[in-house]
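To be precise, the following lines are structure24.cif, and they hold mmCIF, C-alpha atoms.
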data_query
#
loop_
_atom_site.label_atom_id
_atom_site.label_comp_id
_atom_site.auth_asym_id
_atom_site.auth_seq_id
_atom_site.Cartn_x
_atom_site.Cartn_y
_atom_site.Cartn_z
CA MET A 1 -83.20 76.82 -54.45
CA THR A 2 -84.83 78.72 -51.61
CA ILE A 3 -86.17 82.20 -52.16
CA GLU A 4 -86.49 84.69 -49.30
CA LEU A 5 -88.93 87.55 -48.87
CA ASP A 6 -88.62 90.24 -46.20
CA LEU A 7 -92.06 91.57 -45.20
CA LYS A 8 -91.02 93.38 -42.05
CA GLY A 9 -93.00 96.61 -41.79
CA GLU A 10 -95.91 95.22 -43.82
CA VAL A 11 -99.41 94.62 -42.42
CA CYS A 12 -102.49 92.71 -43.59
CA PRO A 13 -103.45 92.25 -46.41
CA TYR A 14 -100.17 93.39 -48.03
CA THR A 15 -98.33 90.57 -46.24
CA PHE A 16 -100.53 88.03 -47.98
CA VAL A 17 -100.65 89.86 -51.34
CA LYS A 18 -96.84 90.07 -51.52
CA THR A 19 -96.37 86.47 -50.38
CA LYS A 20 -98.84 85.30 -53.01
CA LEU A 21 -97.14 87.31 -55.76
CA LYS A 22 -93.71 86.00 -54.73
CA LEU A 23 -95.00 82.43 -54.77
CA GLU A 24 -95.80 82.93 -58.45
CA GLU A 25 -92.01 83.19 -59.04
CA VAL A 26 -91.35 79.97 -57.11
CA GLU A 27 -91.40 76.56 -58.80
CA SER A 28 -93.82 73.94 -57.50
CA GLY A 29 -92.22 71.97 -54.64
CA GLU A 30 -89.70 74.73 -53.87
CA GLU A 31 -89.52 76.68 -50.63
CA LEU A 32 -90.17 80.33 -49.95
CA ILE A 33 -89.01 81.80 -46.65
CA VAL A 34 -90.89 84.88 -45.49
CA PHE A 35 -89.94 87.20 -42.62
CA PHE A 36 -92.70 89.03 -40.72
CA ASP A 37 -92.82 91.45 -37.80
CA HIS A 38 -96.62 91.83 -37.74
CA ALA A 39 -98.00 89.29 -35.22
CA PRO A 40 -101.48 88.77 -36.79
CA ALA A 41 -99.78 87.97 -40.12
CA VAL A 42 -97.83 85.10 -38.56
CA GLU A 43 -101.10 83.34 -37.73
CA ASN A 44 -103.18 84.42 -40.69
CA VAL A 45 -100.83 84.22 -43.68
CA PRO A 46 -99.88 80.54 -43.09
CA ARG A 47 -103.56 79.65 -42.47
CA SER A 48 -104.62 81.38 -45.70
CA LEU A 49 -101.78 79.77 -47.68
CA LYS A 50 -102.79 76.32 -46.41
CA ASN A 51 -106.30 77.11 -47.61
CA GLU A 52 -104.78 77.79 -51.05
CA GLY A 53 -103.14 74.35 -50.97
CA HIS A 54 -99.54 75.28 -50.01
CA LYS A 55 -97.61 73.55 -47.21
CA ILE A 56 -96.27 75.32 -44.14
CA MET A 57 -92.94 73.68 -43.30
CA GLY A 58 -92.29 75.67 -40.14
CA ILE A 59 -92.86 78.87 -38.19
CA GLU A 60 -89.97 80.10 -36.06
CA GLN A 61 -89.73 83.18 -33.85
CA THR A 62 -86.32 84.66 -34.60
CA GLY A 63 -86.46 87.67 -32.29
CA ASP A 64 -88.67 90.17 -30.54
CA HIS A 65 -91.60 90.58 -32.99
CA CYS A 66 -89.72 88.73 -35.75
CA TRP A 67 -90.88 85.51 -37.33
CA LYS A 68 -89.65 83.28 -40.12
CA VAL A 69 -92.21 81.21 -42.04
CA ARG A 70 -91.17 78.42 -44.43
CA ILE A 71 -93.66 77.74 -47.22
CA LYS A 72 -93.53 74.91 -49.75
CA LYS A 73 -95.33 75.79 -52.95
CA VAL A 74 -97.98 73.29 -53.97
CA MET B 1 -115.37 85.06 -60.40
CA LYS B 2 -117.53 87.75 -58.86
CA LYS B 3 -117.66 91.44 -59.64
CA ILE B 4 -117.33 93.58 -56.53
CA ALA B 5 -117.83 97.36 -56.42
CA VAL B 6 -116.51 99.32 -53.44
CA ILE B 7 -117.98 102.83 -53.22
CA VAL B 8 -116.01 105.59 -51.51
CA ARG B 9 -118.33 108.55 -51.06
CA ASN B 10 -117.26 110.55 -48.00
CA LEU B 11 -114.56 113.14 -47.26
CA PRO B 12 -111.19 111.52 -46.56
CA PHE B 13 -109.84 114.04 -44.07
CA ASN B 14 -111.51 113.37 -40.74
CA THR B 15 -111.46 109.63 -40.86
CA ARG B 16 -109.46 106.49 -41.67
CA ARG B 17 -112.56 105.05 -43.34
CA ASN B 18 -111.51 105.84 -46.91
CA ALA B 19 -108.01 104.41 -46.50
CA GLU B 20 -109.61 101.34 -44.93
CA ALA B 21 -111.99 101.01 -47.89
CA LEU B 22 -108.94 100.89 -50.15
CA ARG B 23 -107.15 98.35 -47.91
CA MET B 24 -110.31 96.23 -47.90
CA SER B 25 -110.44 96.45 -51.72
CA VAL B 26 -106.89 95.08 -51.91
CA GLY B 27 -107.97 92.19 -49.66
CA LEU B 28 -111.05 91.45 -51.76
CA THR B 29 -108.86 90.68 -54.79
CA LEU B 30 -107.27 87.73 -52.95
CA ARG B 31 -109.81 85.18 -54.24
CA GLU B 32 -109.48 86.34 -57.86
CA ASP B 33 -112.70 88.37 -57.79
CA LYS B 34 -112.80 91.52 -59.95
CA VAL B 35 -112.82 94.57 -57.71
CA THR B 36 -113.71 98.09 -58.88
CA VAL B 37 -113.27 101.08 -56.57
CA ILE B 38 -115.68 103.93 -57.25
CA PHE B 39 -115.05 107.47 -55.97
CA ILE B 40 -118.24 109.52 -55.88
CA ASP B 41 -119.65 112.62 -54.09
CA ASP B 42 -117.09 113.89 -51.52
CA GLY B 43 -115.24 110.58 -51.96
CA VAL B 44 -113.66 112.01 -55.14
CA TYR B 45 -111.29 114.02 -52.91
CA THR B 46 -109.71 110.65 -52.02
CA ALA B 47 -108.72 110.35 -55.69
CA THR B 48 -106.87 113.70 -55.74
CA ARG B 49 -103.27 114.60 -54.98
CA ALA B 50 -104.26 115.93 -51.57
CA LYS B 51 -101.60 116.06 -48.88
CA PRO B 52 -103.29 114.65 -45.77
CA GLU B 53 -99.84 114.38 -44.14
CA LEU B 54 -100.01 118.18 -43.64
CA ILE B 55 -102.71 117.55 -41.04
CA ASN B 56 -100.96 114.51 -39.62
CA ILE B 57 -102.98 111.90 -41.49
CA PRO B 58 -100.90 109.27 -43.28
CA PRO B 59 -101.53 109.42 -47.05
CA PRO B 60 -102.96 106.18 -48.50
CA VAL B 61 -99.77 105.54 -50.51
CA ARG B 62 -99.52 101.85 -49.63
CA GLU B 63 -103.21 101.30 -50.38
CA PHE B 64 -103.06 102.96 -53.83
CA GLY B 65 -99.69 101.30 -54.52
CA ALA B 66 -101.18 97.85 -53.99
CA LEU B 67 -104.31 98.64 -56.01
CA ASN B 68 -102.11 99.81 -58.89
CA MET B 69 -99.89 96.74 -58.62
CA LEU B 70 -102.97 94.50 -58.76
CA LYS B 71 -104.29 96.51 -61.73
CA CYS B 72 -107.51 97.12 -59.87
CA ASN B 73 -110.10 99.16 -61.76
CA MET B 74 -110.64 102.61 -60.17
CA LEU B 75 -113.30 105.06 -61.35
CA ALA B 76 -114.04 108.66 -60.34
CA ASP B 77 -117.49 110.12 -60.99
CA LYS B 78 -117.15 113.06 -63.42
CA PRO B 79 -120.20 115.07 -62.19
CA SER B 80 -118.91 114.81 -58.59
CA MET B 81 -115.51 116.12 -59.74
CA GLU B 82 -117.05 118.97 -61.75
CA LYS B 83 -119.26 120.05 -58.86
CA ARG B 84 -116.15 120.34 -56.67
CA CYS B 85 -113.97 121.91 -59.39
CA ILE B 86 -111.54 118.98 -59.25
CA GLN B 87 -109.59 118.82 -62.48
CA GLU B 88 -106.75 116.50 -61.64
CA ILE B 89 -106.84 113.06 -60.07
CA LEU B 90 -104.28 110.36 -59.36
CA GLU B 91 -102.84 108.29 -62.18
CA ASN B 92 -104.63 105.01 -62.86
CA ILE B 93 -107.97 106.41 -61.67
CA LYS B 94 -110.29 106.91 -64.61
CA CYS B 95 -112.67 109.87 -64.67
CA VAL B 96 -115.94 108.55 -66.10
CA GLU B 97 -119.49 109.70 -66.78
CA ARG B 98 -122.23 108.90 -64.26
CA GLU B 99 -123.69 106.34 -66.70
CA GLU B 100 -120.55 104.20 -66.45
CA ILE B 101 -120.67 104.37 -62.65
CA ILE B 102 -124.30 103.21 -62.70
CA ARG B 103 -123.51 100.46 -65.20
CA THR B 104 -120.62 99.22 -63.06
CA ILE B 105 -122.78 99.13 -59.94
CA ASN B 106 -125.62 97.40 -61.79
CA GLU B 107 -123.28 94.74 -63.18
CA SER B 108 -121.69 94.01 -59.80
CA ASP B 109 -122.54 90.90 -57.79
CA ILE B 110 -121.58 92.67 -54.56
CA VAL B 111 -121.72 96.41 -53.82
CA ILE B 112 -120.00 97.72 -50.70
CA PRO B 113 -120.62 101.38 -49.86
CA PHE B 114 -117.87 102.23 -47.38
CA MET C 1 -128.44 79.83 -48.95
CA LYS C 2 -125.21 81.36 -47.69
CA LEU C 3 -125.44 84.95 -46.45
CA GLY C 4 -122.39 87.16 -45.93
CA ILE C 5 -122.48 90.35 -43.87
CA LEU C 6 -119.87 93.09 -43.50
CA LEU C 7 -120.17 95.41 -40.50
CA THR C 8 -117.84 98.41 -40.22
CA THR C 9 -119.57 100.54 -37.56
CA SER C 10 -119.19 100.37 -33.78
CA PRO C 11 -121.92 98.97 -31.46
CA GLU C 12 -123.63 102.31 -30.72
CA ASN C 13 -124.74 102.43 -34.37
CA GLU C 14 -128.16 100.93 -35.13
CA ASN C 15 -126.41 98.72 -37.72
CA THR C 16 -125.41 96.36 -34.90
CA ASN C 17 -128.99 95.55 -33.95
CA THR C 18 -129.95 95.20 -37.63
CA VAL C 19 -127.11 92.73 -38.20
CA ILE C 20 -128.05 90.75 -35.08
CA GLU C 21 -131.72 90.52 -36.09
CA ILE C 22 -131.05 89.71 -39.77
CA SER C 23 -128.51 87.05 -38.79
CA LYS C 24 -130.88 85.43 -36.29
CA ALA C 25 -133.79 85.48 -38.77
CA ALA C 26 -131.66 83.98 -41.55
CA ARG C 27 -130.33 81.30 -39.21
CA GLU C 28 -133.83 80.41 -38.00
CA GLN C 29 -134.79 79.80 -41.62
CA GLY C 30 -131.84 77.44 -42.04
CA HIS C 31 -129.44 79.71 -43.92
CA ASP C 32 -125.69 79.83 -43.27
CA VAL C 33 -124.49 83.22 -42.04
CA SER C 34 -120.92 84.55 -42.01
CA ILE C 35 -120.17 87.98 -40.57
CA PHE C 36 -116.94 89.93 -41.08
CA LEU C 37 -116.09 92.85 -38.82
CA MET C 38 -113.56 95.50 -39.73
CA TYR C 39 -112.72 99.13 -38.99
CA ASP C 40 -114.82 100.23 -35.94
CA GLY C 41 -117.04 97.19 -36.52
CA VAL C 42 -114.47 95.13 -34.59
CA TYR C 43 -115.74 96.71 -31.34
CA ASN C 44 -118.90 94.59 -31.70
CA VAL C 45 -117.03 91.55 -30.36
CA ASN C 46 -117.43 93.10 -26.90
CA LYS C 47 -121.21 93.47 -27.20
CA LYS C 48 -122.94 90.62 -25.40
CA GLU C 49 -125.92 90.29 -27.78
CA PHE C 50 -123.55 90.24 -30.74
CA ALA C 51 -121.16 87.64 -29.32
CA GLU C 52 -124.18 85.44 -28.51
CA LEU C 53 -124.64 84.93 -32.26
CA ILE C 54 -121.77 82.42 -32.13
CA GLY C 55 -123.97 80.07 -30.09
CA LYS C 56 -126.57 80.15 -32.87
CA GLY C 57 -124.12 78.72 -35.40
CA ILE C 58 -123.27 82.05 -37.02
CA GLU C 59 -119.64 82.38 -38.10
CA ILE C 60 -117.89 85.58 -37.10
CA ALA C 61 -114.47 86.66 -38.34
CA ILE C 62 -112.79 89.97 -37.68
CA CYS C 63 -109.85 91.87 -39.10
CA ALA C 64 -107.08 91.13 -36.56
CA PHE C 65 -105.13 94.19 -37.73
CA ASN C 66 -108.03 96.54 -36.86
CA ALA C 67 -108.53 94.67 -33.57
CA GLU C 68 -104.85 95.04 -32.69
CA GLN C 69 -104.98 98.79 -33.51
CA ARG C 70 -107.90 99.09 -31.06
CA LYS C 71 -106.23 96.91 -28.39
CA LEU C 72 -109.05 94.35 -28.40
CA ALA C 73 -108.51 91.03 -26.64
CA LYS C 74 -109.34 87.78 -28.42
CA VAL C 75 -112.83 86.37 -27.91
CA ASP C 76 -113.48 82.62 -27.93
CA GLY C 77 -115.35 81.44 -31.00
CA ILE C 78 -114.51 84.49 -33.09
CA LEU C 79 -111.82 84.15 -35.75
CA PHE C 80 -109.28 86.95 -35.45
CA GLY C 81 -108.53 86.65 -39.13
CA SER C 82 -107.57 88.80 -42.06
CA GLN C 83 -108.88 90.49 -45.18
CA TYR C 84 -108.30 87.13 -46.88
CA ASP C 85 -111.15 85.73 -44.75
CA HIS C 86 -113.34 88.61 -45.91
CA ALA C 87 -112.44 87.78 -49.53
CA CYS C 88 -113.39 84.13 -48.89
CA ILE C 89 -116.78 85.16 -47.47
CA ALA C 90 -117.48 87.51 -50.40
CA SER C 91 -116.41 84.84 -52.86
CA ASP C 92 -118.34 81.94 -51.33
CA VAL C 93 -121.72 83.42 -50.34
CA ASP C 94 -124.92 83.65 -52.40
CA ARG C 95 -125.89 87.07 -51.00
CA PHE C 96 -123.73 89.73 -49.40
CA ILE C 97 -124.92 92.74 -47.41
CA SER C 98 -122.73 95.59 -46.21
CA PHE C 99 -123.48 97.77 -43.18
CA GLY C 100 -121.28 100.84 -42.84
#
Any chance you could give the structure as structure tokens?
Amino acid sequence: MTIELDLKGEVCPYTFVKTKLKLEEVESGEELIVFFDHAPAVENVPRSLKNEGHKIMGIEQTGDHCWKVRIKKV
Amino acid sequence: MKKIAVIVRNLPFNTRRNAEALRMSVGLTLREDKVTVIFIDDGVYTATRAKPELINIPPPVREFGALNMLKCNMLADKPSMEKRCIQEILENIKCVEREEIIRTINESDIVIPF
Amino acid sequence: MKLGILLTTSPENENTNTVIEISKAAREQGHDVSIFLMYDGVYNVNKKEFAELIGKGIEIAICAFNAEQRKLAKVDGILFGSQYDHACIASDVDRFISFG
């Protein structure tokens, strides 16, 4: 099962805090898809999550200032 | 796990500094360190139900919301409040005696006056 | 020893020179130094003497959100990071000093 989280309108560090809290609801090995519209978050949240051991399965720009990040929980 | 104290001590109305101190405090919790926000001197006004939006300053709703969600410890210095006749502060901020403020600072591994 | 420094004031404040000198002195004695810039501290990336710290092996990260608010362009060698990077510095260092 894939869980989605819409973080459009959120900035750092709330983007990371909310992603981290949502990941607590996700089972290990499952995917979380997060939507961002804050450019620095698209670089920094995946980098920070990798540092925490999670896998980034893909980053896709879905529109003007819209990104979709696929995270696999460690 | 480290203990980190962030001290907010200036007036909140002519600056974004205080809101940024709160945003930084949220960020500092991200490595499981224990963060305490201390409101002291004119910083205690940050802990009140002021309406900065009346002078076109966004209220730190998101910052306090996140700190509450993360159950971050927030303390307001009682003598600073009394000196300024502040009787009411935001929920989840504890009004404490100066001794507790000093103890918290002394016990902290990192102190960040902001 | 690992030293962490937070700088939140802009370059006209004397804090900038203090941070530069402390960082250089610590580095010369073999200590690791990590600096985090946020709020108006992000403006220091444009100060020549400050940016030269990168060449001395000092790590500098800044809050990309504050930099974006202030329309600052990226600078090579400086991590345009997040508050998570600040949390990592605070968590990992032996001593932490704040200049604000």
Using all atoms listed in the file, which residues sit within 10 Å of Val17 (chain A) once same-chain residues fewer than 5 positions away are excluded, as a PDB file with C-alpha atoms, in the coordinates of the input?
ATOM      1  CA  CYS A  12    -102.490  92.710 -43.590  1.00  0.00           C
ATOM      2  CA  LYS A  22     -93.710  86.000 -54.730  1.00  0.00           C
ATOM      3  CA  LEU A  23     -95.000  82.430 -54.770  1.00  0.00           C
ATOM      4  CA  VAL A  45    -100.830  84.220 -43.680  1.00  0.00           C
TER       5      VAL A  45
ATOM      6  CA  VAL B  26    -106.890  95.080 -51.910  1.00  0.00           C
ATOM      7  CA  GLY B  27    -107.970  92.190 -49.660  1.00  0.00           C
ATOM      8  CA  THR B  29    -108.860  90.680 -54.790  1.00  0.00           C
ATOM      9  CA  LEU B  30    -107.270  87.730 -52.950  1.00  0.00           C
ATOM     10  CA  ALA B  66    -101.180  97.850 -53.990  1.00  0.00           C
ATOM     11  CA  LEU B  70    -102.970  94.500 -58.760  1.00  0.00           C
TER      12      LEU B  70
ATOM     13  CA  TYR C  84    -108.300  87.130 -46.880  1.00  0.00           C
TER      14      TYR C  84
END
Test item: chain B residues at most 12 Å from chain A, counting all atoms listed in the file, as a PyMOL selection string: chain B and resi 20+22-32+62-67+69-70
CA of Ile22 (chain C) to CA of Ser98 (chain C), straight-line distance in Å: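 Separation between CA of Ser98 (chain C) and CA of Ile22 (chain C): 12.1 Å.
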Between CA of Ile59 (chain A) and CA of Glu4 (chain A) - distance in Å to one decimal: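 Atom-to-atom, CA of Glu4 (chain A) and CA of Ile59 (chain A) are spaced 14.1 Å apart.
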Matched chain/residue IDs from the PyMOL selection byres ((chain C) within 9 of (chain A)), as a ChimeraX atom specification: /C:63-65,68,80-85
Would you pull region 51-95 of chain C out of the block just shown and save N, CA and C atoms as a compact mmCIF listing (two decimals), in the first residue's frame?
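Wrote it out as out.txt, contents follow:
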# COMPACT_ATOMS: atom_id res chain seq x y z
N ALA C 51 33.63 33.61 3.19
CA ALA C 51 33.60 32.50 2.22
C ALA C 51 34.96 31.82 2.12
N GLU C 52 36.03 32.57 2.42
CA GLU C 52 37.39 31.99 2.35
C GLU C 52 37.61 30.90 3.40
N LEU C 53 36.73 30.84 4.40
CA LEU C 53 36.86 29.80 5.43
C LEU C 53 36.71 28.40 4.83
N ILE C 54 35.98 28.32 3.72
CA ILE C 54 35.76 27.01 3.07
C ILE C 54 37.11 26.39 2.70
N GLY C 55 38.01 27.23 2.18
CA GLY C 55 39.33 26.77 1.76
C GLY C 55 40.18 26.27 2.92
N LYS C 56 39.78 26.62 4.14
CA LYS C 56 40.55 26.17 5.32
C LYS C 56 39.98 24.88 5.91
N GLY C 57 39.02 24.29 5.19
CA GLY C 57 38.46 23.02 5.67
C GLY C 57 37.33 23.21 6.66
N ILE C 58 36.77 24.40 6.72
CA ILE C 58 35.65 24.65 7.63
C ILE C 58 34.35 24.40 6.87
N GLU C 59 33.46 23.63 7.48
CA GLU C 59 32.19 23.32 6.80
C GLU C 59 31.17 24.41 7.07
N ILE C 60 30.54 24.89 6.01
CA ILE C 60 29.52 25.92 6.18
C ILE C 60 28.22 25.45 5.54
N ALA C 61 27.14 25.50 6.34
CA ALA C 61 25.81 25.19 5.82
C ALA C 61 24.91 26.37 6.12
N ILE C 62 23.95 26.62 5.25
CA ILE C 62 23.03 27.73 5.54
C ILE C 62 21.59 27.27 5.35
N CYS C 63 20.69 28.00 5.97
CA CYS C 63 19.27 27.70 5.84
C CYS C 63 18.81 28.19 4.46
N ALA C 64 18.52 27.24 3.56
CA ALA C 64 18.15 27.59 2.18
C ALA C 64 16.85 28.40 2.13
N PHE C 65 15.98 28.17 3.10
CA PHE C 65 14.71 28.91 3.15
C PHE C 65 14.98 30.40 3.40
N ASN C 66 15.86 30.70 4.38
CA ASN C 66 16.21 32.10 4.66
C ASN C 66 16.95 32.72 3.47
N ALA C 67 17.79 31.91 2.81
CA ALA C 67 18.54 32.41 1.65
C ALA C 67 17.60 32.73 0.50
N GLU C 68 16.60 31.88 0.31
CA GLU C 68 15.63 32.09 -0.76
C GLU C 68 14.80 33.36 -0.47
N GLN C 69 14.42 33.55 0.80
CA GLN C 69 13.67 34.75 1.19
C GLN C 69 14.45 36.01 0.86
N ARG C 70 15.80 35.92 0.98
CA ARG C 70 16.66 37.08 0.77
C ARG C 70 17.29 37.10 -0.63
N LYS C 71 16.77 36.24 -1.51
CA LYS C 71 17.18 36.19 -2.92
C LYS C 71 18.69 35.99 -3.09
N LEU C 72 19.29 35.16 -2.25
CA LEU C 72 20.73 34.92 -2.35
C LEU C 72 21.02 33.80 -3.34
N ALA C 73 22.05 34.01 -4.16
CA ALA C 73 22.44 32.97 -5.11
C ALA C 73 23.33 31.95 -4.41
N LYS C 74 23.31 30.71 -4.94
CA LYS C 74 24.14 29.66 -4.33
C LYS C 74 25.63 29.98 -4.46
N VAL C 75 26.38 29.56 -3.48
CA VAL C 75 27.83 29.78 -3.47
C VAL C 75 28.51 28.41 -3.42
N ASP C 76 29.48 28.21 -4.31
CA ASP C 76 30.17 26.91 -4.36
C ASP C 76 30.82 26.60 -3.01
N GLY C 77 30.68 25.37 -2.58
CA GLY C 77 31.34 24.94 -1.35
C GLY C 77 30.50 25.15 -0.10
N ILE C 78 29.40 25.89 -0.23
CA ILE C 78 28.52 26.11 0.92
C ILE C 78 27.23 25.31 0.71
N LEU C 79 26.86 24.53 1.72
CA LEU C 79 25.66 23.71 1.60
C LEU C 79 24.42 24.56 1.86
N PHE C 80 23.59 24.70 0.83
CA PHE C 80 22.32 25.40 1.01
C PHE C 80 21.33 24.37 1.56
N GLY C 81 21.42 24.16 2.85
CA GLY C 81 20.71 23.06 3.50
C GLY C 81 19.47 23.50 4.25
N SER C 82 19.23 22.80 5.35
CA SER C 82 17.98 23.05 6.08
C SER C 82 18.24 23.04 7.59
N GLN C 83 17.16 23.25 8.33
CA GLN C 83 17.27 23.21 9.79
C GLN C 83 17.67 21.81 10.27
N TYR C 84 17.44 20.81 9.42
CA TYR C 84 17.89 19.45 9.77
C TYR C 84 19.42 19.44 9.88
N ASP C 85 20.10 20.16 8.97
CA ASP C 85 21.56 20.22 9.02
C ASP C 85 22.03 20.90 10.30
N HIS C 86 21.28 21.92 10.72
CA HIS C 86 21.60 22.60 11.98
C HIS C 86 21.46 21.61 13.15
N ALA C 87 20.37 20.82 13.11
CA ALA C 87 20.14 19.83 14.17
C ALA C 87 21.29 18.81 14.20
N CYS C 88 21.78 18.43 13.00
CA CYS C 88 22.89 17.46 12.93
C CYS C 88 24.15 18.06 13.55
N ILE C 89 24.41 19.34 13.24
CA ILE C 89 25.60 20.00 13.81
C ILE C 89 25.48 20.02 15.34
N ALA C 90 24.34 20.51 15.84
CA ALA C 90 24.14 20.61 17.29
C ALA C 90 24.28 19.25 17.96
N SER C 91 23.78 18.22 17.28
CA SER C 91 23.79 16.89 17.86
C SER C 91 25.19 16.26 17.85
N ASP C 92 25.97 16.57 16.83
CA ASP C 92 27.24 15.87 16.64
C ASP C 92 28.46 16.55 17.28
N VAL C 93 28.40 17.84 17.56
CA VAL C 93 29.61 18.54 18.02
C VAL C 93 29.87 18.36 19.51
N ASP C 94 31.12 18.65 19.91
CA ASP C 94 31.47 18.61 21.33
C ASP C 94 31.15 19.94 22.01
N ARG C 95 31.34 21.03 21.27
CA ARG C 95 31.05 22.38 21.81
C ARG C 95 30.25 23.16 20.77
